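What's in data39.txt: compact mmCIF, C-alpha atoms and all ligand atoms
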```
# COMPACT_ATOMS: atom_id res chain seq x y z
CA MET M 1 0.00 0.00 0.00
CA GLU M 2 1.22 3.42 -0.86
CA ILE M 3 0.79 6.19 1.61
CA LYS M 4 0.14 9.44 -0.02
CA ASP M 5 1.76 12.05 2.05
CA GLY M 6 0.97 14.86 -0.40
CA PRO M 7 -2.18 16.31 1.20
CA GLY M 8 -0.73 15.89 4.68
CA GLU M 9 2.35 17.87 3.77
CA ASP M 10 0.19 20.63 2.28
CA LEU M 11 -1.82 20.82 5.45
CA VAL M 12 1.29 21.18 7.58
CA LYS M 13 2.58 23.92 5.31
CA GLU M 14 -0.69 25.73 5.50
CA ILE M 15 -0.76 25.49 9.25
CA GLU M 16 2.79 26.79 9.41
CA SER M 17 1.92 29.76 7.22
CA LEU M 18 -1.21 30.47 9.19
CA LYS M 19 0.76 30.35 12.38
CA SER M 20 3.30 32.84 11.11
CA LYS M 21 0.55 35.12 9.84
CA CYS M 22 -1.07 34.91 13.22
CA GLU M 23 2.17 35.78 14.97
CA LYS M 24 2.70 38.71 12.67
CA ALA M 25 -0.82 39.96 13.32
CA GLN M 26 -0.24 39.57 17.02
CA ALA M 27 2.96 41.55 16.86
CA GLU M 28 1.20 44.27 14.89
CA LEU M 29 -1.60 44.30 17.40
CA LYS M 30 0.86 44.59 20.21
CA ALA M 31 2.58 47.51 18.49
CA THR M 32 -0.75 49.21 17.89
CA LYS M 33 -1.70 48.67 21.49
CA GLU M 34 1.56 50.17 22.67
CA GLU M 35 1.14 53.10 20.34
CA LEU M 36 -2.38 53.65 21.64
CA GLU M 37 -1.12 53.46 25.19
CA VAL M 38 1.48 56.12 24.51
CA GLN M 39 -1.11 58.32 22.83
CA ALA M 40 -3.50 57.86 25.76
CA TRP M 41 -0.67 58.65 28.15
CA GLY M 42 0.05 61.87 26.25
CA LEU M 43 -3.59 62.90 26.24
CA ASN M 44 -3.91 62.13 29.89
CA LYS M 45 -0.84 64.20 30.77
CA THR M 46 -2.20 67.12 28.78
CA ASN M 47 -5.62 66.82 30.35
CA GLU M 48 -4.28 66.82 33.88
CA ALA M 49 -2.08 69.81 33.16
CA ILE M 50 -4.98 71.75 31.64
CA LYS M 51 -7.03 71.10 34.75
CA VAL M 52 -4.28 72.43 36.99
CA LEU M 53 -3.66 75.45 34.77
CA TYR M 54 -7.37 76.21 34.67
CA LYS M 55 -7.55 76.19 38.46
CA GLU M 56 -4.57 78.49 38.55
CA LEU M 57 -6.28 80.91 36.17
CA GLU M 58 -9.45 80.82 38.19
CA ASN M 59 -7.53 81.71 41.33
CA LYS M 60 -5.73 84.56 39.60
CA ASN M 61 -9.03 85.82 38.32
CA ARG M 62 -10.52 85.76 41.77
CA GLU M 63 -7.55 87.68 43.15
CA LEU M 64 -7.86 90.31 40.43
CA LYS M 65 -11.56 90.66 41.09
CA LYS M 66 -10.85 91.16 44.77
CA LEU M 67 -8.30 93.87 44.01
CA ASP M 68 -10.78 95.56 41.71
CA ASP M 69 -13.43 95.48 44.43
CA MET M 70 -10.95 96.99 46.88
CA LYS M 71 -10.14 99.76 44.42
CA ASN M 72 -13.81 100.57 43.93
CA GLU M 73 -14.41 100.49 47.67
CA PHE M 74 -11.52 102.89 48.14
CA ILE M 75 -12.76 105.34 45.50
CA ASN M 76 -16.20 105.14 47.04
CA THR M 77 -15.01 106.02 50.52
CA VAL M 78 -12.66 108.78 49.42
CA SER M 79 -15.30 110.34 47.16
CA HIS M 80 -17.82 110.44 49.97
CA GLU M 81 -15.28 111.98 52.32
CA LEU M 82 -14.44 114.63 49.71
CA ARG M 83 -18.02 115.45 48.91
CA THR M 84 -19.15 116.36 52.41
CA PRO M 85 -16.69 119.22 53.09
CA LEU M 86 -17.10 120.40 49.51
CA THR M 87 -20.80 120.93 50.05
CA THR M 88 -20.04 123.08 53.09
CA ILE M 89 -17.47 125.15 51.19
CA ARG M 90 -19.88 125.67 48.32
CA GLU M 91 -22.63 126.79 50.65
CA VAL M 92 -20.40 129.36 52.39
CA ILE M 93 -19.15 130.83 49.09
CA ALA M 94 -22.70 131.02 47.76
CA GLN M 95 -23.86 132.86 50.89
CA PHE M 96 -21.02 135.37 50.58
CA LEU M 97 -21.98 135.96 46.95
CA GLU M 98 -25.59 136.53 47.88
CA GLY M 99 -24.54 139.03 50.51
CA ILE M 100 -26.03 137.00 53.34
CA LEU M 101 -22.71 136.99 55.21
CA GLY M 102 -22.03 140.71 54.81
CA GLU M 103 -20.94 143.15 52.15
CA THR M 104 -18.38 142.17 49.49
CA THR M 105 -16.76 144.39 46.89
CA SER M 106 -17.29 143.60 43.22
CA GLU M 107 -13.67 142.50 42.98
CA GLN M 108 -14.18 140.07 45.86
CA LYS M 109 -17.37 138.83 44.21
CA GLU M 110 -15.42 138.08 41.05
CA PHE M 111 -12.95 135.94 42.98
CA LEU M 112 -15.76 134.19 44.80
CA ARG M 113 -17.44 133.40 41.49
CA ILE M 114 -14.23 131.76 40.23
CA CYS M 115 -14.05 129.76 43.47
CA LEU M 116 -17.61 128.62 43.00
CA GLU M 117 -16.95 127.46 39.44
CA ASP M 118 -13.94 125.47 40.57
CA VAL M 119 -15.84 123.93 43.45
CA ASP M 120 -18.59 122.90 41.05
CA ARG M 121 -16.03 121.39 38.70
CA LEU M 122 -14.49 119.45 41.54
CA LYS M 123 -17.92 118.26 42.61
CA ARG M 124 -18.69 117.06 39.09
CA LEU M 125 -15.42 115.18 38.98
CA ILE M 126 -16.10 113.49 42.32
CA ASP M 127 -19.61 112.55 41.19
CA ASP M 128 -18.18 111.05 38.01
CA LEU M 129 -15.62 109.02 39.95
CA LEU M 130 -18.25 107.85 42.40
CA ASP M 131 -20.61 106.82 39.60
CA THR M 132 -17.86 105.05 37.72
CA SER M 133 -16.93 103.00 40.75
CA LYS M 134 -20.60 102.20 41.41
CA LEU M 135 -21.20 101.24 37.80
CA GLU M 136 -18.15 99.01 37.78
CA SER M 137 -18.98 97.23 41.00
CA GLY M 138 -22.53 96.64 39.78
CA LYS M 139 -23.89 98.69 42.67
CA PHE M 140 -25.57 101.22 40.46
CA SER M 141 -29.31 100.72 40.66
CA LEU M 142 -31.72 102.40 38.29
CA VAL M 143 -34.98 103.94 39.44
CA MET M 144 -37.28 102.95 36.61
CA GLU M 145 -40.42 104.85 35.68
CA TRP M 146 -42.24 105.97 32.54
CA VAL M 147 -40.35 109.01 31.25
CA ASP M 148 -41.13 111.36 28.38
CA ILE M 149 -37.77 111.30 26.59
CA ALA M 150 -38.68 114.16 24.22
CA GLY M 151 -39.62 116.43 27.12
CA LEU M 152 -36.55 115.41 29.06
CA ALA M 153 -34.30 116.20 26.07
CA LYS M 154 -35.93 119.62 25.67
CA GLY M 155 -35.21 120.43 29.32
CA VAL M 156 -31.54 119.56 28.96
CA ILE M 157 -31.21 121.49 25.68
CA ASP M 158 -32.78 124.59 27.24
CA SER M 159 -30.31 124.50 30.09
CA PHE M 160 -27.53 124.82 27.48
CA SER M 161 -28.96 127.86 25.65
CA PRO M 162 -27.03 130.45 27.70
CA ARG M 163 -23.85 128.60 26.82
CA ALA M 164 -24.84 128.51 23.13
CA ARG M 165 -25.32 132.29 23.17
CA VAL M 166 -21.95 132.93 24.80
CA ARG M 167 -20.17 130.56 22.44
CA ASN M 168 -22.07 131.81 19.41
CA LEU M 169 -23.10 128.26 18.44
CA GLU M 170 -26.50 127.41 17.06
CA ILE M 171 -28.51 124.60 18.67
CA LYS M 172 -30.79 122.80 16.23
CA LYS M 173 -33.36 120.53 17.78
CA ASP M 174 -35.48 117.94 16.05
CA LEU M 175 -38.00 116.85 18.65
CA PRO M 176 -41.46 115.39 18.06
CA GLY M 177 -44.35 117.56 19.16
CA ILE M 178 -45.70 114.73 21.26
CA LYS M 179 -44.54 112.82 24.31
CA LEU M 180 -42.28 109.82 23.69
CA MET M 181 -42.51 107.51 26.64
CA ALA M 182 -39.85 105.00 27.67
CA TYR M 183 -39.46 102.97 30.83
CA ALA M 184 -36.20 104.41 32.09
CA ASP M 185 -34.25 106.02 34.92
CA ARG M 186 -34.85 109.77 34.51
CA ASP M 187 -31.70 111.13 36.20
CA THR M 188 -29.34 108.90 34.29
CA ILE M 189 -30.90 109.71 30.92
CA VAL M 190 -30.52 113.41 31.77
CA ARG M 191 -26.87 112.55 32.42
CA VAL M 192 -26.55 110.93 28.98
CA PHE M 193 -27.90 114.01 27.17
CA THR M 194 -25.92 116.39 29.37
CA ASN M 195 -22.62 114.58 28.83
CA LEU M 196 -23.08 114.25 25.07
CA ILE M 197 -24.15 117.88 24.60
CA ALA M 198 -21.39 119.12 26.92
CA ASN M 199 -18.87 117.22 24.79
CA ALA M 200 -20.32 118.72 21.61
CA PHE M 201 -19.85 122.21 23.08
CA LYS M 202 -16.41 121.42 24.38
CA PHE M 203 -15.06 120.23 21.04
CA THR M 204 -16.84 122.60 18.63
CA ASP M 205 -15.70 126.14 17.77
CA THR M 206 -17.98 127.13 14.93
CA GLY M 207 -21.17 125.84 13.31
CA HIS M 208 -23.98 124.14 15.12
CA ILE M 209 -24.99 121.35 17.47
CA GLU M 210 -27.97 119.24 16.58
CA ILE M 211 -30.06 117.09 18.89
CA SER M 212 -32.74 114.74 17.65
CA VAL M 213 -35.23 112.42 19.34
CA ALA M 214 -37.27 110.17 17.06
CA ASP M 215 -39.92 107.50 17.49
CA LYS M 216 -39.22 103.99 16.14
CA PRO M 217 -41.51 100.97 16.56
CA GLU M 218 -39.56 99.23 19.32
CA TYR M 219 -37.35 101.99 20.62
CA ILE M 220 -36.56 105.69 20.76
CA GLU M 221 -33.62 106.85 18.68
CA CYS M 222 -31.65 109.92 19.70
CA PHE M 223 -28.56 111.62 18.40
CA VAL M 224 -26.29 114.52 19.32
CA SER M 225 -24.15 115.79 16.45
CA ASP M 226 -21.77 118.69 16.06
CA THR M 227 -19.59 120.43 13.47
CA GLY M 228 -16.53 120.33 15.68
CA LYS M 229 -13.00 119.00 15.58
CA GLY M 230 -14.01 115.36 15.20
CA ILE M 231 -12.25 112.20 16.34
CA SER M 232 -9.65 110.36 14.27
CA GLU M 233 -10.40 106.90 12.94
CA GLU M 234 -7.64 105.55 15.13
CA ASP M 235 -9.12 107.00 18.34
CA LEU M 236 -12.75 106.25 17.55
CA PRO M 237 -12.81 102.69 18.98
CA LYS M 238 -11.50 104.01 22.31
CA VAL M 239 -13.98 106.83 22.97
CA PHE M 240 -16.10 104.85 25.43
CA THR M 241 -13.12 103.66 27.45
CA LYS M 242 -12.65 105.55 30.70
CA PHE M 243 -9.85 108.10 31.03
CA GLN M 244 -9.35 108.24 27.26
CA GLN M 245 -8.92 111.73 25.87
CA PHE M 246 -7.65 112.64 22.44
CA GLY M 247 -6.00 115.48 20.62
CA ARG M 248 -4.17 118.45 22.02
CA ARG M 249 -5.61 119.48 25.35
CA GLU M 250 -4.34 123.07 25.30
CA ASP M 251 -7.03 124.21 22.90
CA VAL M 252 -9.81 122.88 25.11
CA LYS M 253 -10.93 125.41 27.71
CA GLU M 254 -12.93 123.07 29.94
CA LYS M 255 -10.69 120.20 30.80
CA GLY M 256 -12.27 116.94 31.87
CA THR M 257 -11.14 113.55 33.07
CA GLY M 258 -12.37 111.32 30.27
CA LEU M 259 -15.06 109.68 32.36
CA GLY M 260 -18.11 111.20 30.64
CA LEU M 261 -18.52 108.80 27.75
CA SER M 262 -17.72 105.69 29.75
CA ILE M 263 -20.52 106.64 32.15
CA VAL M 264 -22.85 107.30 29.21
CA LYS M 265 -22.09 103.90 27.72
CA ASN M 266 -22.63 102.15 31.06
CA ILE M 267 -25.98 103.87 31.54
CA ILE M 268 -27.18 102.94 28.04
CA ASP M 269 -26.04 99.35 28.62
CA LEU M 270 -27.98 99.20 31.89
CA HIS M 271 -31.06 100.27 29.94
CA LYS M 272 -30.36 97.49 27.40
CA GLY M 273 -29.92 100.14 24.73
CA LYS M 274 -27.11 100.74 22.26
CA ILE M 275 -24.82 103.65 21.54
CA TRP M 276 -22.43 104.27 18.66
CA VAL M 277 -20.40 107.08 17.20
CA GLU M 278 -19.53 108.36 13.74
CA SER M 279 -16.94 111.06 13.27
CA LYS M 280 -14.69 112.73 10.78
CA LEU M 281 -11.64 114.75 11.76
CA ASN M 282 -12.19 118.52 11.44
CA THR M 283 -15.75 117.95 10.23
CA GLY M 284 -17.86 116.77 13.11
CA THR M 285 -19.07 114.00 15.36
CA LYS M 286 -22.39 112.24 15.80
CA PHE M 287 -23.33 110.10 18.80
CA THR M 288 -26.48 108.03 18.30
CA PHE M 289 -28.20 105.92 20.94
CA ILE M 290 -31.37 103.88 21.06
CA LEU M 291 -33.43 103.19 24.16
CA PRO M 292 -35.95 100.35 24.27
CA LYS M 293 -39.37 101.71 25.16
CA SER M 294 -39.69 98.97 27.70
CA SER M 295 -36.55 97.09 28.60
CA GLN M 296 -38.54 93.95 29.44
CA GLY M 297 -39.68 93.70 25.83
CA MET T 298 18.56 62.59 50.16
CA GLY T 299 21.74 62.79 48.07
CA LYS T 300 20.08 62.80 44.67
CA LYS T 301 21.61 64.97 41.99
CA ILE T 302 19.41 66.82 39.54
CA LEU T 303 20.42 68.46 36.27
CA ILE T 304 18.16 71.25 35.02
CA VAL T 305 18.43 72.26 31.38
CA GLU T 306 16.67 75.61 31.11
CA ASP T 307 17.58 78.94 29.49
CA ASN T 308 14.95 81.15 31.10
CA ASP T 309 16.25 82.79 34.29
CA ASP T 310 12.83 83.26 35.88
CA ASP T 311 11.72 79.68 35.33
CA LEU T 312 15.07 78.42 36.53
CA PHE T 313 14.87 80.48 39.70
CA ILE T 314 11.41 79.18 40.57
CA ILE T 315 12.20 75.53 39.92
CA LYS T 316 15.41 75.68 41.92
CA ARG T 317 13.53 77.26 44.80
CA TYR T 318 10.88 74.54 44.89
CA LEU T 319 13.47 71.78 44.51
CA SER T 320 15.54 73.06 47.42
CA GLY T 321 12.33 73.55 49.38
CA ALA T 322 11.66 69.84 48.95
CA GLY T 323 15.19 68.98 50.09
CA TYR T 324 16.87 68.50 46.71
CA ASN T 325 19.99 70.56 47.24
CA GLU T 326 22.32 69.04 44.71
CA VAL T 327 21.25 70.86 41.58
CA VAL T 328 23.33 71.44 38.46
CA VAL T 329 22.26 73.83 35.73
CA ALA T 330 22.83 73.83 31.97
CA ARG T 331 21.61 76.59 29.67
CA ASP T 332 21.39 74.76 26.34
CA VAL T 333 21.43 71.32 24.70
CA LYS T 334 25.19 71.14 24.35
CA GLU T 335 25.90 72.10 27.96
CA GLY T 336 23.12 69.76 29.06
CA LEU T 337 24.72 66.76 27.35
CA ASP T 338 28.17 67.66 28.70
CA LYS T 339 26.89 67.96 32.25
CA ALA T 340 24.88 64.74 31.96
CA GLU T 341 28.22 63.09 31.16
CA GLN T 342 30.36 64.78 33.83
CA GLU T 343 27.92 65.10 36.71
CA LYS T 344 26.11 61.75 36.41
CA PRO T 345 22.80 63.14 37.65
CA ASP T 346 19.98 60.90 38.90
CA LEU T 347 17.43 63.04 37.12
CA VAL T 348 17.46 65.42 34.16
CA ILE T 349 14.72 68.05 33.90
CA SER T 350 14.79 69.73 30.51
CA ASP T 351 12.79 72.56 29.02
CA THR T 352 11.33 71.89 25.55
CA LEU T 353 12.62 75.01 23.81
CA LEU T 354 16.34 75.66 24.16
CA PRO T 355 18.60 78.17 22.38
CA ASP T 356 20.44 75.56 20.31
CA GLY T 357 17.75 72.89 20.01
CA ASN T 358 15.08 71.25 22.13
CA GLY T 359 14.47 69.02 25.11
CA PHE T 360 13.55 66.03 22.95
CA GLU T 361 17.08 66.05 21.57
CA VAL T 362 18.52 66.14 25.07
CA CYS T 363 16.31 63.21 25.99
CA GLN T 364 17.12 61.13 22.91
CA ARG T 365 20.87 61.60 23.18
CA VAL T 366 21.03 60.98 26.91
CA ARG T 367 19.14 57.72 26.34
CA GLN T 368 21.46 56.72 23.47
CA LYS T 369 24.50 57.29 25.63
CA HIS T 370 23.38 56.19 29.07
CA GLY T 371 20.69 53.61 28.42
CA ALA T 372 16.94 53.38 28.95
CA GLU T 373 16.85 53.39 32.76
CA ASN T 374 19.09 56.10 34.15
CA PRO T 375 19.13 58.99 34.54
CA LYS T 376 15.39 59.60 34.83
CA ILE T 377 14.21 62.32 32.47
CA ILE T 378 11.41 64.88 32.76
CA ILE T 379 10.50 67.15 29.86
CA MET T 380 8.84 70.36 31.06
CA THR T 381 7.03 72.93 29.01
CA GLY T 382 5.26 76.24 29.23
CA SER T 383 2.84 75.26 26.48
CA ILE T 384 1.39 71.81 26.97
CA ASP T 385 0.62 69.81 23.86
CA ALA T 386 -0.52 66.19 23.50
CA VAL T 387 1.63 65.64 20.40
CA ASP T 388 4.69 66.85 22.31
CA ALA T 389 3.79 64.60 25.23
CA VAL T 390 3.75 61.55 22.96
CA LYS T 391 7.00 62.64 21.36
CA ALA T 392 8.65 63.00 24.78
CA ARG T 393 7.49 59.54 25.76
CA LYS T 394 8.80 58.00 22.56
CA MET T 395 12.17 59.68 23.00
CA GLY T 396 12.39 57.91 26.35
CA ALA T 397 11.26 60.58 28.79
CA ASP T 398 9.76 59.32 32.05
CA ASP T 399 7.37 62.23 32.36
CA TYR T 400 6.10 65.29 30.57
CA CYS T 401 5.08 68.18 32.81
CA ALA T 402 3.51 71.60 32.46
CA LYS T 403 5.19 74.51 34.20
CA THR T 404 2.81 76.05 36.72
CA SER T 405 3.41 78.94 39.07
CA ASP T 406 3.96 76.61 42.04
CA CYS T 407 5.77 73.91 39.99
CA GLY T 408 3.27 71.45 41.49
CA ILE T 409 3.15 69.07 38.53
CA ILE T 410 6.95 68.98 38.18
CA MET T 411 7.52 68.47 41.90
CA ASP T 412 5.06 65.57 41.97
CA ALA T 413 6.87 63.94 39.07
CA VAL T 414 10.29 64.46 40.69
CA LYS T 415 9.16 62.88 43.96
CA LYS T 416 7.75 59.90 42.06
CA LEU T 417 10.91 59.32 40.03
CA ILE T 418 13.74 59.72 42.55
N1 LIG R 501 -18.23 115.57 20.30
C1 LIG R 501 -16.94 115.29 20.32
N2 LIG R 501 -16.10 115.79 19.37
C2 LIG R 501 -14.78 115.52 19.38
N3 LIG R 501 -14.19 114.71 20.29
C3 LIG R 501 -14.97 114.18 21.26
C4 LIG R 501 -16.37 114.43 21.32
N4 LIG R 501 -16.87 113.75 22.37
C5 LIG R 501 -15.82 113.10 22.94
N5 LIG R 501 -14.68 113.36 22.28
C6 LIG R 501 -13.34 112.82 22.59
O1 LIG R 501 -13.49 111.71 23.45
C7 LIG R 501 -12.81 111.94 24.69
C8 LIG R 501 -13.59 111.29 25.81
O2 LIG R 501 -14.80 111.97 26.08
P1 LIG R 501 -15.38 111.97 27.54
O3 LIG R 501 -16.67 112.69 27.55
O4 LIG R 501 -15.38 110.56 28.02
O5 LIG R 501 -14.26 112.74 28.36
P2 LIG R 501 -14.01 114.31 28.53
O6 LIG R 501 -15.13 115.09 27.94
O7 LIG R 501 -12.63 114.59 28.05
O8 LIG R 501 -14.01 114.46 30.11
P3 LIG R 501 -15.30 114.42 31.08
O9 LIG R 501 -16.48 114.08 30.24
O10 LIG R 501 -14.95 113.37 32.08
O11 LIG R 501 -15.36 115.76 31.67
C9 LIG R 501 -12.71 113.44 24.79
O12 LIG R 501 -11.62 113.83 25.61
C10 LIG R 501 -12.48 113.84 23.34
O13 LIG R 501 -11.13 113.66 22.98
MG MG R 502 -17.21 114.64 28.41
```

Hey, can you dump this file as structure tokens for me?
Amino acid sequence: MEIKDGPGEDLVKEIESLKSKCEKAQAELKATKEELEVQAWGLNKTNEAIKVLYKELENKNRELKKLDDMKNEFINTVSHELRTPLTTIREVIAQFLEGILGETTSEQKEFLRICLEDVDRLKRLIDDLLDTSKLESGKFSLVMEWVDIAGLAKGVIDSFSPRARVRNLEIKKDLPGIKLMAYADRDTIVRVFTNLIANAFKFTDTGHIEISVADKPEYIECFVSDTGKGISEEDLPKVFTKFQQFGRREDVKEKGTGLGLSIVKNIIDLHKGKIWVESKLNTGTKFTFILPKSSQG
Amino acid sequence: MGKKILIVEDNDDDLFIIKRYLSGAGYNEVVVARDVKEGLDKAEQEKPDLVISDTLLPDGNGFEVCQRVRQKHGAENPKIIIMTGSIDAVDAVKARKMGADDYCAKTSDCGIIMDAVKKLI
């Protein structure tokens, strides 16, 4: 009998080849697994570090916030302490001027009037600082009521007419003949108009200042524009940042501190409104703001 | 403790902080190198137990330091930590493949690095 070993040999060969394939696959698998392990290790390291760094940032942030609070607290206290004696000084000067405290010569009166102006300027500055610190610490609370914005604007404009006469500048007003009601904080909106119009006067030598209040479906749109020295394109993005002032200061008679517009912006923000500015150097500036009629809406 | 540490770092501020925390933890034998070349020389002469290298160095990078120390001194010793100011998963993997024992982010209190040091030596 002949034993055919052909098929048997084939089988062995096949098994051998399968075995080597299997070993190769296993080695590849092992390499892949190792590679994956290294990758996972790397990711894990990165993750842990990010967590630690995040904590560190959070702590730094908290420290900064605390410092900021301390600064605001400090400004608050100092401003209050400054305001009280200032009120007394103002009252005494005013009484001298009115002759309540005895006779004064016209020359003395002139000096007293200068004192009074300076005291008022100082008071305005302190109020601005106080408001800024309140606005920044979120302690500024609005007293909301229904306010006729058109009437309010007219009142502010009228208070500027003596100044317009002295400066020989025309005030144009575009107000609707009817009341325009918005749910707002009266005093702060007066502040907005006052600051914007005061700026227009401060930075305009010739031409006119225009104030407009207009009715829109959802909101009231107002603008204050002037034909003054304008703001350069470069400075324009910084106008609402506190303490920013541009251009040569010598040619401005009434110096300020650069707080006015930052306060205006904060007030408009609190009312959920918007404010923006357009300007061209040596041509003029226009500040426009919109106030929602009802900030809940 | 008697363990010697080689720091390869070119930034004075970072170096100052790390040295302070190391000595605070009782590691007083610290050698410093300011670039790759000096790092490799000192690894040879000083026979440190641990090398801590920054990633970015004036004449190269920490991965190079790691690779060449391993080529010369073997896979086990010295221990190697790569530290970085800008963590990156790709860099972490690279460090591992070059034979680093750990890859650590620099933090203001060196916490991650100090943990790694204590674990390794
Ligand atoms: N109408 C304007 N025309 C030209 N420049 C302006 C006008 N309004 C504001 N600016 C520029 O923006 C700067 C910031 O204005 P802001 O009202 O905040 O400060 P200020 O008027 O200088 O001081 P403050 O209002 O605190 O008394 C001004 O100093 C001025 O350079
Ligand atoms: Mg102003």

List all protein, DNA and RNA residues that have any atom at most 12 Å from ligand MG 502 (chain R), counting only C-alpha atoms and all ligand atoms, and write the list as a ChimeraX atom specification.
/M:124-125,128,191-203,239-246,252,254-265

Keeping C-alpha atoms for every residue in the selection just given, could you write it to a file as an mmCIF file, in the frame of the given file?
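The new file result_6.cif reads:
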```cif
data_model
loop_
_atom_site.group_PDB
_atom_site.id
_atom_site.type_symbol
_atom_site.label_atom_id
_atom_site.label_comp_id
_atom_site.auth_asym_id
_atom_site.auth_seq_id
_atom_site.Cartn_x
_atom_site.Cartn_y
_atom_site.Cartn_z
ATOM 1 C CA ARG M 124 -18.690 117.060 39.090
ATOM 2 C CA LEU M 125 -15.420 115.180 38.980
ATOM 3 C CA ASP M 128 -18.180 111.050 38.010
ATOM 4 C CA ARG M 191 -26.870 112.550 32.420
ATOM 5 C CA VAL M 192 -26.550 110.930 28.980
ATOM 6 C CA PHE M 193 -27.900 114.010 27.170
ATOM 7 C CA THR M 194 -25.920 116.390 29.370
ATOM 8 C CA ASN M 195 -22.620 114.580 28.830
ATOM 9 C CA LEU M 196 -23.080 114.250 25.070
ATOM 10 C CA ILE M 197 -24.150 117.880 24.600
ATOM 11 C CA ALA M 198 -21.390 119.120 26.920
ATOM 12 C CA ASN M 199 -18.870 117.220 24.790
ATOM 13 C CA ALA M 200 -20.320 118.720 21.610
ATOM 14 C CA PHE M 201 -19.850 122.210 23.080
ATOM 15 C CA LYS M 202 -16.410 121.420 24.380
ATOM 16 C CA PHE M 203 -15.060 120.230 21.040
ATOM 17 C CA VAL M 239 -13.980 106.830 22.970
ATOM 18 C CA PHE M 240 -16.100 104.850 25.430
ATOM 19 C CA THR M 241 -13.120 103.660 27.450
ATOM 20 C CA LYS M 242 -12.650 105.550 30.700
ATOM 21 C CA PHE M 243 -9.850 108.100 31.030
ATOM 22 C CA GLN M 244 -9.350 108.240 27.260
ATOM 23 C CA GLN M 245 -8.920 111.730 25.870
ATOM 24 C CA PHE M 246 -7.650 112.640 22.440
ATOM 25 C CA VAL M 252 -9.810 122.880 25.110
ATOM 26 C CA GLU M 254 -12.930 123.070 29.940
ATOM 27 C CA LYS M 255 -10.690 120.200 30.800
ATOM 28 C CA GLY M 256 -12.270 116.940 31.870
ATOM 29 C CA THR M 257 -11.140 113.550 33.070
ATOM 30 C CA GLY M 258 -12.370 111.320 30.270
ATOM 31 C CA LEU M 259 -15.060 109.680 32.360
ATOM 32 C CA GLY M 260 -18.110 111.200 30.640
ATOM 33 C CA LEU M 261 -18.520 108.800 27.750
ATOM 34 C CA SER M 262 -17.720 105.690 29.750
ATOM 35 C CA ILE M 263 -20.520 106.640 32.150
ATOM 36 C CA VAL M 264 -22.850 107.300 29.210
ATOM 37 C CA LYS M 265 -22.090 103.900 27.720
#
```

Near chain T, meaning an atom within 7 Å, which residues of chain M appear when counting only C-alpha atoms? Write them as a PyMOL selection string.
chain M and resi 38-39+42-43+46+49+53

Coordinates-based distance that separates atom CA of Leu67 of chain M from atom CA of Ile267 of chain M (Å, one decimal):
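So the answer is 23.8 Å.
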
Could you jot down the atom CA of Asp351 of chain T to atom CA of Ile304 of chain T separation for me, Å, one decimal place?
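Between atom CA of Asp351 of chain T and atom CA of Ile304 of chain T the gap is 8.2 Å.
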
Between atom CA of Cys363 of chain T and atom CA of Asp332 of chain T, what is the distance, to one decimal in Å?
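Distance between the two atoms: 12.6 Å.
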
Show me, as a ChimeraX atom specification, the residues that have an atom within 10 Å of Leu417 of chain T when counting only C-alpha atoms, minus same-chain residues fewer than 6 positions from it.
/T:346-347,375-378,398-399,411

Quick one: residues within 8 Å of Lys339 of chain T, only C-alpha atoms, excluding same-chain residues fewer than 4 positions away - as number ranges by chain?
T: 303, 328, 330, 335, 343-344

Selected residues, C-alpha atoms, written as an mmCIF file, in the frame of the given file, please.
```cif
data_model
loop_
_atom_site.group_PDB
_atom_site.id
_atom_site.type_symbol
_atom_site.label_atom_id
_atom_site.label_comp_id
_atom_site.auth_asym_id
_atom_site.auth_seq_id
_atom_site.Cartn_x
_atom_site.Cartn_y
_atom_site.Cartn_z
ATOM 1 C CA LEU T 303 20.420 68.460 36.270
ATOM 2 C CA VAL T 328 23.330 71.440 38.460
ATOM 3 C CA ALA T 330 22.830 73.830 31.970
ATOM 4 C CA GLU T 335 25.900 72.100 27.960
ATOM 5 C CA GLU T 343 27.920 65.100 36.710
ATOM 6 C CA LYS T 344 26.110 61.750 36.410
#
```

Ref. answer, residues at most 12 Å from (-20.7, 129.2, 22.1) with only C-alpha atoms, as a list of chain:residue names:
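Within the cut-off we find M:Phe160, M:Ser161, M:Pro162, M:Arg163, M:Ala164, M:Arg165, M:Val166, M:Arg167, M:Asn168, M:Leu169, M:Glu170, M:Ile171, M:Ala198, M:Ala200, M:Phe201, M:Lys202, M:Phe203, M:Thr204, M:Asp205, M:Thr206, M:Gly207, M:His208, M:Ile209, M:Gly228, M:Lys253.
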
First collect every listed atom of ligand LIG 501 (chain R); then fit an axis-aligned box around them, widen it by 6 Å on each side, and give centre and edge lengths in Å to one decimal, as JSON.
```
{"center_x": -14.7, "center_y": 113.2, "center_z": 25.7, "size_x": 19.1, "size_y": 17.2, "size_z": 24.7}
```

Compile the contact shell of Asp68 of chain M as a PyMOL selection string: residues with an atom at most 9 Å away, counting all atoms listed in the file, same-chain residues fewer than 5 positions apart removed.
chain M and resi 63+73+137

Export of the given selection (C-alpha atoms) as a PDB file, keeping the file's coordinate frame:
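Ended up saving to result35.pdb:
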```pdb
ATOM      1  CA  GLU M  63      -7.550  87.680  43.150  1.00  0.00           C
ATOM      2  CA  GLU M  73     -14.410 100.490  47.670  1.00  0.00           C
ATOM      3  CA  SER M 137     -18.980  97.230  41.000  1.00  0.00           C
TER       4      SER M 137
END
```

Place a sphere of radius 7 Å on (-41.3, 104.1, 35.2) in the file coordinates and name every protein, DNA or RNA residue with an atom inside or on its surface, counting only C-alpha atoms; give the answer as a ChimeraX atom specification.
/M:144-147,183-184
